[in-house]
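Trainee: This is the content of target.pdb (PDB, C-alpha atoms and all ligand atoms):
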ATOM      1  CA  MET F1291     -16.559 -61.866  22.695
ATOM      2  CA  LYS F1292     -14.482 -62.077  19.608
ATOM      3  CA  SER F1293     -16.429 -59.428  17.692
ATOM      4  CA  SER F1294     -16.455 -56.968  20.602
ATOM      5  CA  GLN F1295     -12.721 -57.380  21.050
ATOM      6  CA  SER F1296     -11.993 -56.666  17.432
ATOM      7  CA  ALA F1297     -14.403 -53.702  17.517
ATOM      8  CA  LYS F1298     -12.503 -52.437  20.522
ATOM      9  CA  GLY F1299      -9.261 -52.563  18.612
ATOM     10  CA  ASN F1300     -10.831 -50.701  15.740
ATOM     11  CA  ILE F1301     -12.434 -47.512  17.011
ATOM     12  CA  LEU F1302      -9.922 -46.599  19.716
ATOM     13  CA  ASP F1303      -6.994 -47.475  17.474
ATOM     14  CA  LYS F1304      -8.520 -45.306  14.763
ATOM     15  CA  ILE F1305      -9.077 -42.370  17.103
ATOM     16  CA  VAL F1306      -5.543 -42.604  18.507
ATOM     17  CA  GLU F1307      -3.960 -42.946  15.083
ATOM     18  CA  LYS F1308      -5.839 -39.901  13.777
ATOM     19  CA  LYS F1309      -5.038 -37.966  16.952
ATOM     20  CA  ARG F1310      -1.306 -38.542  16.524
ATOM     21  CA  GLU F1311      -1.480 -37.086  13.008
ATOM     22  CA  GLU F1312      -3.460 -34.094  14.275
ATOM     23  CA  ILE F1313      -0.990 -33.458  17.103
ATOM     24  CA  ALA F1314       1.937 -33.499  14.656
ATOM     25  CA  LEU F1315       0.153 -30.921  12.471
ATOM     26  CA  SER F1316      -0.822 -28.730  15.438
ATOM     27  CA  LYS F1317       2.788 -28.693  16.600
ATOM     28  CA  LEU F1318       3.880 -27.414  13.189
ATOM     29  CA  LYS F1319       1.110 -24.833  13.081
ATOM     30  CA  THR F1320       1.301 -23.497  16.629
ATOM     31  CA  PRO F1321       4.652 -23.182  18.382
ATOM     32  CA  LEU F1322       4.612 -23.702  22.157
ATOM     33  CA  ILE F1323       5.680 -20.124  22.750
ATOM     34  CA  LYS F1324       2.472 -18.940  21.086
ATOM     35  CA  LEU F1325       0.378 -21.100  23.413
ATOM     36  CA  GLU F1326       2.258 -19.801  26.423
ATOM     37  CA  GLN F1327       1.500 -16.234  25.338
ATOM     38  CA  SER F1328      -2.243 -16.843  25.108
ATOM     39  CA  ASP F1329      -4.513 -14.800  27.399
ATOM     40  CA  PHE F1330      -5.739 -17.854  29.270
ATOM     41  CA  PHE F1331      -2.332 -19.448  29.812
ATOM     42  CA  SER F1332      -1.503 -17.527  32.971
ATOM     43  CA  ARG F1333      -4.996 -17.542  34.511
ATOM     44  CA  ALA F1334      -5.609 -19.322  37.818
ATOM     45  CA  CYS F1335      -7.768 -22.401  37.271
ATOM     46  CA  PHE F1336     -11.065 -23.117  39.010
ATOM     47  CA  SER F1337     -10.639 -26.083  41.367
ATOM     48  CA  LEU F1338     -12.566 -29.253  40.460
ATOM     49  CA  PRO F1339     -12.585 -30.569  44.066
ATOM     50  CA  ASP F1340     -13.972 -27.260  45.370
ATOM     51  CA  PHE F1341     -16.842 -27.237  42.885
ATOM     52  CA  ILE F1342     -17.618 -30.967  43.000
ATOM     53  CA  LEU F1343     -17.722 -30.990  46.806
ATOM     54  CA  ASN F1344     -19.727 -27.743  47.088
ATOM     55  CA  PRO F1345     -23.059 -28.883  48.609
ATOM     56  CA  ALA F1346     -24.908 -26.022  46.895
ATOM     57  CA  LEU F1347     -24.087 -27.586  43.497
ATOM     58  CA  THR F1348     -25.138 -30.907  41.946
ATOM     59  CA  GLY F1349     -21.856 -32.773  41.384
ATOM     60  CA  ILE F1350     -22.802 -33.019  37.726
ATOM     61  CA  ILE F1351     -20.139 -32.427  35.078
ATOM     62  CA  ALA F1352     -22.359 -31.474  32.147
ATOM     63  CA  GLU F1353     -21.018 -32.111  28.667
ATOM     64  CA  PHE F1354     -21.342 -30.212  25.385
ATOM     65  CA  LYS F1355     -21.363 -33.023  22.819
ATOM     66  CA  ARG F1356     -22.557 -32.541  19.208
ATOM     67  CA  LYS F1357     -21.990 -36.087  18.032
ATOM     68  CA  SER F1358     -20.295 -39.338  18.951
ATOM     69  CA  PRO F1359     -19.080 -42.430  17.107
ATOM     70  CA  SER F1360     -21.762 -44.517  18.833
ATOM     71  CA  LYS F1361     -24.773 -42.221  18.368
ATOM     72  CA  GLY F1362     -23.937 -40.106  15.317
ATOM     73  CA  ILE F1363     -25.347 -36.567  15.522
ATOM     74  CA  ILE F1364     -26.865 -35.859  18.946
ATOM     75  CA  ASN F1365     -27.438 -32.113  18.543
ATOM     76  CA  ASP F1366     -25.699 -29.815  16.075
ATOM     77  CA  LYS F1367     -28.170 -26.940  16.329
ATOM     78  CA  LEU F1368     -27.090 -25.183  19.504
ATOM     79  CA  SER F1369     -24.238 -22.864  20.431
ATOM     80  CA  VAL F1370     -21.761 -23.860  23.113
ATOM     81  CA  GLU F1371     -22.510 -20.591  24.922
ATOM     82  CA  GLU F1372     -26.262 -21.185  25.301
ATOM     83  CA  VAL F1373     -25.849 -24.832  26.294
ATOM     84  CA  THR F1374     -23.101 -24.280  28.874
ATOM     85  CA  ASN F1375     -24.849 -21.243  30.385
ATOM     86  CA  GLY F1376     -27.980 -23.397  30.724
ATOM     87  CA  TYR F1377     -25.960 -26.110  32.471
ATOM     88  CA  VAL F1378     -24.487 -23.601  34.922
ATOM     89  CA  ALA F1379     -27.957 -22.190  35.657
ATOM     90  CA  ALA F1380     -29.127 -25.756  36.408
ATOM     91  CA  GLY F1381     -26.390 -26.240  39.024
ATOM     92  CA  ALA F1382     -23.518 -27.903  37.158
ATOM     93  CA  SER F1383     -20.371 -28.341  39.256
ATOM     94  CA  ALA F1384     -18.219 -28.381  36.118
ATOM     95  CA  LEU F1385     -18.492 -28.415  32.323
ATOM     96  CA  SER F1386     -17.015 -30.858  29.828
ATOM     97  CA  VAL F1387     -16.307 -29.607  26.314
ATOM     98  CA  LEU F1388     -15.229 -32.003  23.574
ATOM     99  CA  THR F1389     -12.417 -30.677  21.404
ATOM    100  CA  ASP F1390     -12.037 -33.763  19.194
ATOM    101  CA  GLU F1391     -13.298 -32.771  15.768
ATOM    102  CA  SER F1392     -13.000 -35.934  13.686
ATOM    103  CA  PHE F1393     -15.089 -38.252  15.867
ATOM    104  CA  PHE F1394     -17.066 -35.957  18.202
ATOM    105  CA  GLY F1395     -17.583 -32.775  16.150
ATOM    106  CA  GLY F1396     -15.961 -30.558  18.787
ATOM    107  CA  THR F1397     -13.383 -27.813  18.248
ATOM    108  CA  ASN F1398     -10.783 -25.922  20.221
ATOM    109  CA  LYS F1399     -12.915 -22.832  19.552
ATOM    110  CA  ASP F1400     -15.791 -24.432  21.499
ATOM    111  CA  LEU F1401     -13.573 -24.607  24.568
ATOM    112  CA  ILE F1402     -12.439 -20.981  24.212
ATOM    113  CA  ALA F1403     -16.065 -19.882  23.765
ATOM    114  CA  ALA F1404     -17.203 -21.849  26.830
ATOM    115  CA  ARG F1405     -14.348 -20.397  28.897
ATOM    116  CA  LYS F1406     -15.246 -16.824  27.961
ATOM    117  CA  VAL F1407     -18.805 -17.061  29.286
ATOM    118  CA  ASN F1408     -18.507 -19.371  32.331
ATOM    119  CA  SER F1409     -16.814 -19.210  35.732
ATOM    120  CA  ILE F1410     -16.793 -22.855  36.780
ATOM    121  CA  PRO F1411     -14.206 -25.602  36.047
ATOM    122  CA  ILE F1412     -14.067 -26.838  32.450
ATOM    123  CA  LEU F1413     -12.765 -30.250  31.373
ATOM    124  CA  ARG F1414     -11.043 -30.449  28.005
ATOM    125  CA  LYS F1415     -12.592 -33.679  26.752
ATOM    126  CA  ASP F1416     -10.182 -35.171  24.238
ATOM    127  CA  PHE F1417      -7.778 -38.035  23.716
ATOM    128  CA  MET F1418      -4.631 -36.731  25.397
ATOM    129  CA  LEU F1419      -1.430 -38.422  24.226
ATOM    130  CA  ASP F1420       1.223 -35.722  24.210
ATOM    131  CA  GLU F1421       2.502 -32.928  26.448
ATOM    132  CA  PHE F1422       1.659 -30.460  23.682
ATOM    133  CA  GLN F1423      -2.063 -31.098  24.234
ATOM    134  CA  ILE F1424      -1.747 -30.376  27.963
ATOM    135  CA  ILE F1425      -0.122 -27.000  27.333
ATOM    136  CA  GLU F1426      -2.706 -26.360  24.616
ATOM    137  CA  ALA F1427      -5.510 -27.221  27.074
ATOM    138  CA  LYS F1428      -4.304 -24.534  29.471
ATOM    139  CA  ALA F1429      -4.039 -22.030  26.625
ATOM    140  CA  LEU F1430      -7.614 -22.799  25.512
ATOM    141  CA  GLY F1431      -8.936 -22.068  29.014
ATOM    142  CA  ALA F1432      -9.346 -25.579  30.430
ATOM    143  CA  ASP F1433      -9.128 -26.281  34.168
ATOM    144  CA  ILE F1434      -9.135 -30.082  33.956
ATOM    145  CA  ILE F1435      -7.618 -32.617  31.593
ATOM    146  CA  LEU F1436      -8.743 -36.168  30.935
ATOM    147  CA  LEU F1437      -6.274 -39.059  30.828
ATOM    148  CA  ILE F1438      -7.754 -42.271  29.445
ATOM    149  CA  ALA F1439      -5.995 -45.267  31.005
ATOM    150  CA  SER F1440      -6.669 -47.624  28.105
ATOM    151  CA  ILE F1441      -4.605 -45.540  25.662
ATOM    152  CA  LEU F1442      -1.720 -44.511  27.941
ATOM    153  CA  SER F1443       1.112 -46.325  29.717
ATOM    154  CA  PRO F1444       1.543 -45.798  33.477
ATOM    155  CA  LEU F1445       4.637 -43.691  32.773
ATOM    156  CA  GLU F1446       2.748 -41.500  30.291
ATOM    157  CA  ILE F1447      -0.017 -40.998  32.853
ATOM    158  CA  GLN F1448       2.560 -39.948  35.451
ATOM    159  CA  ASN F1449       4.310 -37.527  33.114
ATOM    160  CA  LEU F1450       1.180 -35.945  31.648
ATOM    161  CA  SER F1451      -0.477 -35.550  35.040
ATOM    162  CA  LYS F1452       2.652 -34.014  36.546
ATOM    163  CA  LEU F1453       2.785 -31.459  33.722
ATOM    164  CA  ALA F1454      -0.926 -30.621  34.094
ATOM    165  CA  LYS F1455      -0.524 -30.128  37.840
ATOM    166  CA  SER F1456       2.526 -27.908  37.301
ATOM    167  CA  LEU F1457       0.280 -25.683  35.156
ATOM    168  CA  GLY F1458      -2.331 -25.529  37.929
ATOM    169  CA  MET F1459      -4.870 -27.821  36.288
ATOM    170  CA  ASN F1460      -6.717 -30.807  37.772
ATOM    171  CA  VAL F1461      -6.422 -34.309  36.346
ATOM    172  CA  LEU F1462      -9.234 -36.795  35.785
ATOM    173  CA  LEU F1463      -8.064 -40.358  35.137
ATOM    174  CA  GLU F1464     -10.599 -42.446  33.213
ATOM    175  CA  VAL F1465     -10.724 -46.203  33.738
ATOM    176  CA  HIS F1466     -13.102 -48.907  32.630
ATOM    177  CA  ASN F1467     -11.971 -51.904  34.709
ATOM    178  CA  LEU F1468      -9.937 -52.908  37.758
ATOM    179  CA  GLU F1469      -6.831 -53.793  35.810
ATOM    180  CA  GLU F1470      -6.678 -50.294  34.263
ATOM    181  CA  LEU F1471      -7.311 -48.722  37.675
ATOM    182  CA  ASN F1472      -4.580 -50.670  39.470
ATOM    183  CA  ARG F1473      -1.913 -50.063  36.880
ATOM    184  CA  SER F1474      -2.677 -46.354  36.343
ATOM    185  CA  LEU F1475      -3.048 -44.763  39.772
ATOM    186  CA  CYS F1476      -0.399 -42.175  40.625
ATOM    187  CA  GLU F1477      -0.053 -39.242  42.979
ATOM    188  CA  ASP F1478      -0.722 -36.351  40.608
ATOM    189  CA  LEU F1479      -4.332 -37.308  39.931
ATOM    190  CA  ASP F1480      -7.299 -35.471  41.468
ATOM    191  CA  ALA F1481     -10.199 -37.606  40.328
ATOM    192  CA  VAL F1482     -10.839 -41.089  39.020
ATOM    193  CA  GLY F1483     -13.683 -41.528  36.569
ATOM    194  CA  VAL F1484     -15.237 -44.891  35.859
ATOM    195  CA  ASN F1485     -16.422 -44.875  32.260
ATOM    196  CA  ASN F1486     -19.606 -46.928  32.158
ATOM    197  CA  ARG F1487     -19.224 -47.078  28.381
ATOM    198  CA  ASN F1488     -16.731 -49.453  26.838
ATOM    199  CA  LEU F1489     -15.065 -47.152  24.299
ATOM    200  CA  GLY F1490     -14.349 -50.145  22.110
ATOM    201  CA  ASP F1491     -17.763 -51.736  21.610
ATOM    202  CA  PHE F1492     -19.926 -48.898  23.049
ATOM    203  CA  SER F1493     -21.781 -51.170  25.457
ATOM    204  CA  VAL F1494     -22.915 -49.265  28.574
ATOM    205  CA  SER F1495     -23.473 -50.532  32.109
ATOM    206  CA  ILE F1496     -23.591 -48.438  35.276
ATOM    207  CA  GLN F1497     -22.624 -51.623  37.104
ATOM    208  CA  HIS F1498     -18.991 -50.802  36.171
ATOM    209  CA  SER F1499     -19.143 -47.831  38.559
ATOM    210  CA  HIS F1500     -20.553 -49.950  41.370
ATOM    211  CA  ASP F1501     -17.930 -52.671  40.796
ATOM    212  CA  LEU F1502     -14.983 -50.272  40.961
ATOM    213  CA  VAL F1503     -15.996 -47.648  43.521
ATOM    214  CA  ASP F1504     -14.498 -49.391  46.553
ATOM    215  CA  HIS F1505     -11.182 -49.895  44.754
ATOM    216  CA  ILE F1506     -10.628 -46.154  44.237
ATOM    217  CA  PRO F1507      -8.420 -44.777  47.042
ATOM    218  CA  SER F1508     -10.220 -42.237  49.231
ATOM    219  CA  GLU F1509      -7.897 -39.338  48.387
ATOM    220  CA  PHE F1510      -9.359 -39.105  44.874
ATOM    221  CA  LEU F1511     -12.743 -37.723  43.829
ATOM    222  CA  LYS F1512     -14.912 -40.485  42.409
ATOM    223  CA  ILE F1513     -16.738 -39.727  39.175
ATOM    224  CA  SER F1514     -19.206 -41.962  37.319
ATOM    225  CA  GLU F1515     -19.131 -41.301  33.578
ATOM    226  CA  SER F1516     -21.506 -42.021  30.678
ATOM    227  CA  GLY F1517     -24.895 -43.591  30.120
ATOM    228  CA  ILE F1518     -26.611 -41.785  32.996
ATOM    229  CA  SER F1519     -30.206 -40.915  32.062
ATOM    230  CA  ASP F1520     -32.189 -41.691  35.211
ATOM    231  CA  PRO F1521     -32.049 -39.392  38.280
ATOM    232  CA  LYS F1522     -32.560 -42.464  40.501
ATOM    233  CA  LYS F1523     -29.155 -43.737  39.364
ATOM    234  CA  ILE F1524     -27.531 -40.587  40.771
ATOM    235  CA  VAL F1525     -29.031 -41.308  44.163
ATOM    236  CA  GLU F1526     -27.658 -44.871  44.037
ATOM    237  CA  LEU F1527     -24.247 -43.751  42.816
ATOM    238  CA  LYS F1528     -24.037 -41.129  45.582
ATOM    239  CA  ARG F1529     -24.924 -43.752  48.159
ATOM    240  CA  ALA F1530     -22.181 -45.972  46.734
ATOM    241  CA  GLY F1531     -19.644 -43.168  47.268
ATOM    242  CA  PHE F1532     -19.511 -41.206  44.007
ATOM    243  CA  ASN F1533     -18.977 -37.450  44.203
ATOM    244  CA  GLY F1534     -19.423 -36.551  40.545
ATOM    245  CA  PHE F1535     -21.450 -37.571  37.496
ATOM    246  CA  LEU F1536     -20.443 -36.898  33.890
ATOM    247  CA  ILE F1537     -23.536 -36.549  31.697
ATOM    248  CA  GLY F1538     -23.691 -35.610  28.014
ATOM    249  CA  GLU F1539     -26.177 -37.229  25.683
ATOM    250  CA  ASN F1540     -29.127 -37.306  28.079
ATOM    251  CA  PHE F1541     -29.161 -33.484  28.096
ATOM    252  CA  MET F1542     -27.767 -32.776  24.618
ATOM    253  CA  LYS F1543     -30.456 -34.849  22.890
ATOM    254  CA  GLU F1544     -33.076 -32.326  24.036
ATOM    255  CA  VAL F1545     -34.012 -29.040  22.322
ATOM    256  CA  ASP F1546     -33.048 -27.177  25.514
ATOM    257  CA  PRO F1547     -30.282 -29.086  27.355
ATOM    258  CA  GLY F1548     -30.179 -26.605  30.258
ATOM    259  CA  LYS F1549     -33.906 -27.039  30.855
ATOM    260  CA  ALA F1550     -33.534 -30.826  30.597
ATOM    261  CA  MET F1551     -30.809 -30.702  33.229
ATOM    262  CA  LYS F1552     -32.930 -28.515  35.510
ATOM    263  CA  GLU F1553     -35.794 -31.040  35.340
ATOM    264  CA  PHE F1554     -33.373 -33.921  35.933
ATOM    265  CA  VAL F1555     -31.807 -32.203  38.953
ATOM    266  CA  ALA F1556     -35.233 -31.572  40.488
ATOM    267  CA  GLN F1557     -35.619 -35.367  40.725
ATOM    268  CA  ILE F1558     -32.353 -36.095  42.511
TER     269      ILE F1558
HETATM  270  O1  LIG E   1     -23.091 -38.871  26.683
HETATM  271  P1  LIG E   1     -22.933 -39.708  27.932
HETATM  272  O2  LIG E   1     -23.290 -41.146  27.733
HETATM  273  O3  LIG E   1     -23.666 -39.087  29.095
HETATM  274  O4  LIG E   1     -21.364 -39.705  28.283
HETATM  275  C1  LIG E   1     -20.669 -38.506  28.598
HETATM  276  C2  LIG E   1     -19.159 -38.793  28.702
HETATM  277  O5  LIG E   1     -18.944 -39.616  29.801
HETATM  278  C3  LIG E   1     -18.626 -39.428  27.413
HETATM  279  O6  LIG E   1     -18.812 -38.498  26.396
HETATM  280  C4  LIG E   1     -17.154 -39.846  27.486
HETATM  281  C5  LIG E   1     -16.557 -40.476  28.529
HETATM  282  N1  LIG E   1     -15.243 -40.686  28.250
HETATM  283  C6  LIG E   1     -14.967 -40.205  27.038
HETATM  284  C7  LIG E   1     -13.747 -40.157  26.360
HETATM  285  C8  LIG E   1     -13.730 -39.562  25.128
HETATM  286  C9  LIG E   1     -14.896 -39.042  24.566
HETATM  287  C10 LIG E   1     -16.113 -39.073  25.235
HETATM  288  C11 LIG E   1     -16.153 -39.660  26.491
END
With the file now loaded, output its structure as structure tokens.
Mentor:
Amino acid sequence: MKSSQSAKGNILDKIVEKKREEIALSKLKTPLIKLEQSDFFSRACFSLPDFILNPALTGIIAEFKRKSPSKGIINDKLSVEEVTNGYVAAGASALSVLTDESFFGGTNKDLIAARKVNSIPILRKDFMLDEFQIIEAKALGADIILLIASILSPLEIQNLSKLAKSLGMNVLLEVHNLEELNRSLCEDLDAVGVNNRNLGDFSVSIQHSHDLVDHIPSEFLKISESGISDPKKIVELKRAGFNGFLIGENFMKEVDPGKAMKEFVAQI
């Protein structure tokens, strides 16, 4: 207990601390006006609810993830274009592209590249702390932003989600337990994701999704995130009421992630 709690303090605190420095630098480097002039800034977003609830698709939000603090390098050989196109061909409802460089090996360029070659919703997967990152997400071509309850106050969640919605994007709130869920819910959210991984100590249990599903109000999409590697779990999660499934490592660890996803989907 004690060691996992101190580990929890460590990695998330480190990520957030680094992120604040990066945001300050980005603000100096790129004025807001430049973001607002970007080609993607005025585009109409693809709707997450439409794609997640489309019965012809799988409900899977498939993630491009080169590395993670828990696993180290997962796959640094493949281009974001080939992986995301493979995911779309396998029936992805949406894509998730990490833009955190320091801990996950992603870049803003990955998101731009994914946007250019895909016509389904894309989640900017990053640690959002500041309005600047929301505006930046739109400029990079994102349709969805992630708000992680454990690193944001309820007021920050309200303000950031309101801004994202005003720019036409969807908002995915990520929670890990009931306390985070109850304090963080607000009207401008579209989806609630239960992260099966504890971002502090990296332990994973799909039971978290099952424990929380009935506490998520019915107006929000329900997404189960992380640690999903068995198609049977999707069937159980669907039965429990989940609409969406965020999967990264299980596909990225393969030589051909799109093919891995196709084989996985065939077993659902
Ligand atoms: O690779 P996995 O275990 O399938 O997990 C994907 C995704 O849920 C995970 O990358 C994630 C969930 N929440 C996050 C927040 C930040 C960074 C990453 C994440």
Trainee: As a PyMOL selection string, please: every protein or nucleic acid residue near ligand LIG 1 (chain E) (cut-off 6 Å, counting only C-alpha atoms and all ligand atoms).
Mentor: chain F and resi 1416+1485+1515-1518+1536-1540
Trainee: Determine the residue set returned by the PyMOL selection byres (((chain F and resi 1335) around 10) and not hetatm) for the present structure, and present it as an MDAnalysis selection string.
Mentor: chainID F and resid 1330:1334 1336:1338 1409:1412 1428 1431:1434 1457:1460
Trainee: May I have the selected residues written with C-alpha atoms, as a compact mmCIF listing (two decimals), keeping the file's coordinate frame?
Mentor:
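Produced file part12.txt, reproduced below:
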# COMPACT_ATOMS: atom_id res chain seq x y z
CA PHE F 1330 -5.74 -17.85 29.27
CA PHE F 1331 -2.33 -19.45 29.81
CA SER F 1332 -1.50 -17.53 32.97
CA ARG F 1333 -5.00 -17.54 34.51
CA ALA F 1334 -5.61 -19.32 37.82
CA PHE F 1336 -11.06 -23.12 39.01
CA SER F 1337 -10.64 -26.08 41.37
CA LEU F 1338 -12.57 -29.25 40.46
CA SER F 1409 -16.81 -19.21 35.73
CA ILE F 1410 -16.79 -22.86 36.78
CA PRO F 1411 -14.21 -25.60 36.05
CA ILE F 1412 -14.07 -26.84 32.45
CA LYS F 1428 -4.30 -24.53 29.47
CA GLY F 1431 -8.94 -22.07 29.01
CA ALA F 1432 -9.35 -25.58 30.43
CA ASP F 1433 -9.13 -26.28 34.17
CA ILE F 1434 -9.14 -30.08 33.96
CA LEU F 1457 0.28 -25.68 35.16
CA GLY F 1458 -2.33 -25.53 37.93
CA MET F 1459 -4.87 -27.82 36.29
CA ASN F 1460 -6.72 -30.81 37.77
Trainee: For atom CA of Glu1353 of chain F and atom CA of Lys1415 of chain F, quote the distance in Å rounded to one decimal.
Mentor: 8.8 Å
Trainee: With all atoms listed in the file counted and 12 Å as the cut-off, give the residues of segment 1492-1535 of chain F in contact with segment 1382-1388 of chain F, each with its shortest interatomic distance in Å and the pair that gives it, as JSON lines.
Mentor:
{"residue": "F:Ile1513", "atom": "CA", "partner": "F:Ala1384", "partner_atom": "CA", "distance": 11.8}
{"residue": "F:Glu1515", "atom": "CA", "partner": "F:Ser1386", "partner_atom": "CA", "distance": 11.3}
{"residue": "F:Asn1533", "atom": "CA", "partner": "F:Ser1383", "partner_atom": "CA", "distance": 10.5}
{"residue": "F:Gly1534", "atom": "CA", "partner": "F:Ser1383", "partner_atom": "CA", "distance": 8.4}
{"residue": "F:Phe1535", "atom": "CA", "partner": "F:Ser1383", "partner_atom": "CA", "distance": 9.5}
Trainee: Could those selected residues go to a file with C-alpha atoms, as a compact mmCIF listing (two decimals), in the frame of the given file?
Mentor:
# COMPACT_ATOMS: atom_id res chain seq x y z
CA ILE F 1513 -16.74 -39.73 39.17
CA GLU F 1515 -19.13 -41.30 33.58
CA ASN F 1533 -18.98 -37.45 44.20
CA GLY F 1534 -19.42 -36.55 40.54
CA PHE F 1535 -21.45 -37.57 37.50
Trainee: Determine the nearest neighbour of Leu1437 of chain F from the options F:Glu1526, F:Asp1400, F:Asp1420, F:Glu1464, counting all atoms listed in the file.
Mentor: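 Selected residue with least distance to Leu1437 of chain F: F:Glu1464.
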Trainee: Which residue is closest to Val1545 of chain F? Choose from F:Val1306, F:Ala1380, F:Ala1346, F:Val1373 and count all atoms listed in the file.
Mentor: F:Val1373
Trainee: Excluding Leu1442 of chain F and any residue of its chain fewer than 3 positions from it, enumerate the residues within 9 Å of it, using all atoms listed in the file, and give them as a ChimeraX atom specification.
Mentor: /F:1418-1419,1437-1439,1445-1447,1474
Trainee: For the residues in that selection, give me C-alpha atoms as a JSON list (two decimals), keeping the file's coordinate frame.
Mentor:
[["chain", "number", "residue", "atom", "x", "y", "z"],
["F", 1418, "MET", "CA", -4.63, -36.73, 25.40],
["F", 1419, "LEU", "CA", -1.43, -38.42, 24.23],
["F", 1437, "LEU", "CA", -6.27, -39.06, 30.83],
["F", 1438, "ILE", "CA", -7.75, -42.27, 29.44],
["F", 1439, "ALA", "CA", -6.00, -45.27, 31.00],
["F", 1445, "LEU", "CA", 4.64, -43.69, 32.77],
["F", 1446, "GLU", "CA", 2.75, -41.50, 30.29],
["F", 1447, "ILE", "CA", -0.02, -41.00, 32.85],
["F", 1474, "SER", "CA", -2.68, -46.35, 36.34]]
Trainee: Rounded to one decimal, what separation in Å do you get between atom CA of Lys1452 of chain F and atom CA of His1466 of chain F?
Mentor: 22.0 Å
Trainee: Quick one: which residues end up in the PyMOL selection byres (((chain F and resi 1310) around 12) and not hetatm) for this structure, as a ChimeraX atom specification?
Mentor: /F:1303-1309,1311-1317,1417-1420,1422-1423,1441
Trainee: Would you write out those residues with C-alpha atoms, as an mmCIF file, keeping the file's coordinate frame?
Mentor:
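Generated output (selection16.cif):
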data_model
loop_
_atom_site.group_PDB
_atom_site.id
_atom_site.type_symbol
_atom_site.label_atom_id
_atom_site.label_comp_id
_atom_site.auth_asym_id
_atom_site.auth_seq_id
_atom_site.Cartn_x
_atom_site.Cartn_y
_atom_site.Cartn_z
ATOM 1 C CA ASP F 1303 -6.994 -47.475 17.474
ATOM 2 C CA LYS F 1304 -8.520 -45.306 14.763
ATOM 3 C CA ILE F 1305 -9.077 -42.370 17.103
ATOM 4 C CA VAL F 1306 -5.543 -42.604 18.507
ATOM 5 C CA GLU F 1307 -3.960 -42.946 15.083
ATOM 6 C CA LYS F 1308 -5.839 -39.901 13.777
ATOM 7 C CA LYS F 1309 -5.038 -37.966 16.952
ATOM 8 C CA GLU F 1311 -1.480 -37.086 13.008
ATOM 9 C CA GLU F 1312 -3.460 -34.094 14.275
ATOM 10 C CA ILE F 1313 -0.990 -33.458 17.103
ATOM 11 C CA ALA F 1314 1.937 -33.499 14.656
ATOM 12 C CA LEU F 1315 0.153 -30.921 12.471
ATOM 13 C CA SER F 1316 -0.822 -28.730 15.438
ATOM 14 C CA LYS F 1317 2.788 -28.693 16.600
ATOM 15 C CA PHE F 1417 -7.778 -38.035 23.716
ATOM 16 C CA MET F 1418 -4.631 -36.731 25.397
ATOM 17 C CA LEU F 1419 -1.430 -38.422 24.226
ATOM 18 C CA ASP F 1420 1.223 -35.722 24.210
ATOM 19 C CA PHE F 1422 1.659 -30.460 23.682
ATOM 20 C CA GLN F 1423 -2.063 -31.098 24.234
ATOM 21 C CA ILE F 1441 -4.605 -45.540 25.662
#
Trainee: So for segment 1298-1317 of chain F, what box centre and size do we get, axis-aligned, 4 Å extra on each of the six sides, every listed atom, Å to one decimal, as lines of an AutoDock Vina configuration file?
Mentor:
center_x = -4.9
center_y = -40.6
center_z = 16.5
size_x = 23.3
size_y = 31.9
size_z = 16.1
Trainee: So what do you get for atom CA of Glu1426 of chain F versus atom CA of Ala1379 of chain F, distance-wise?
Mentor: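 So the answer is 27.9 Å.
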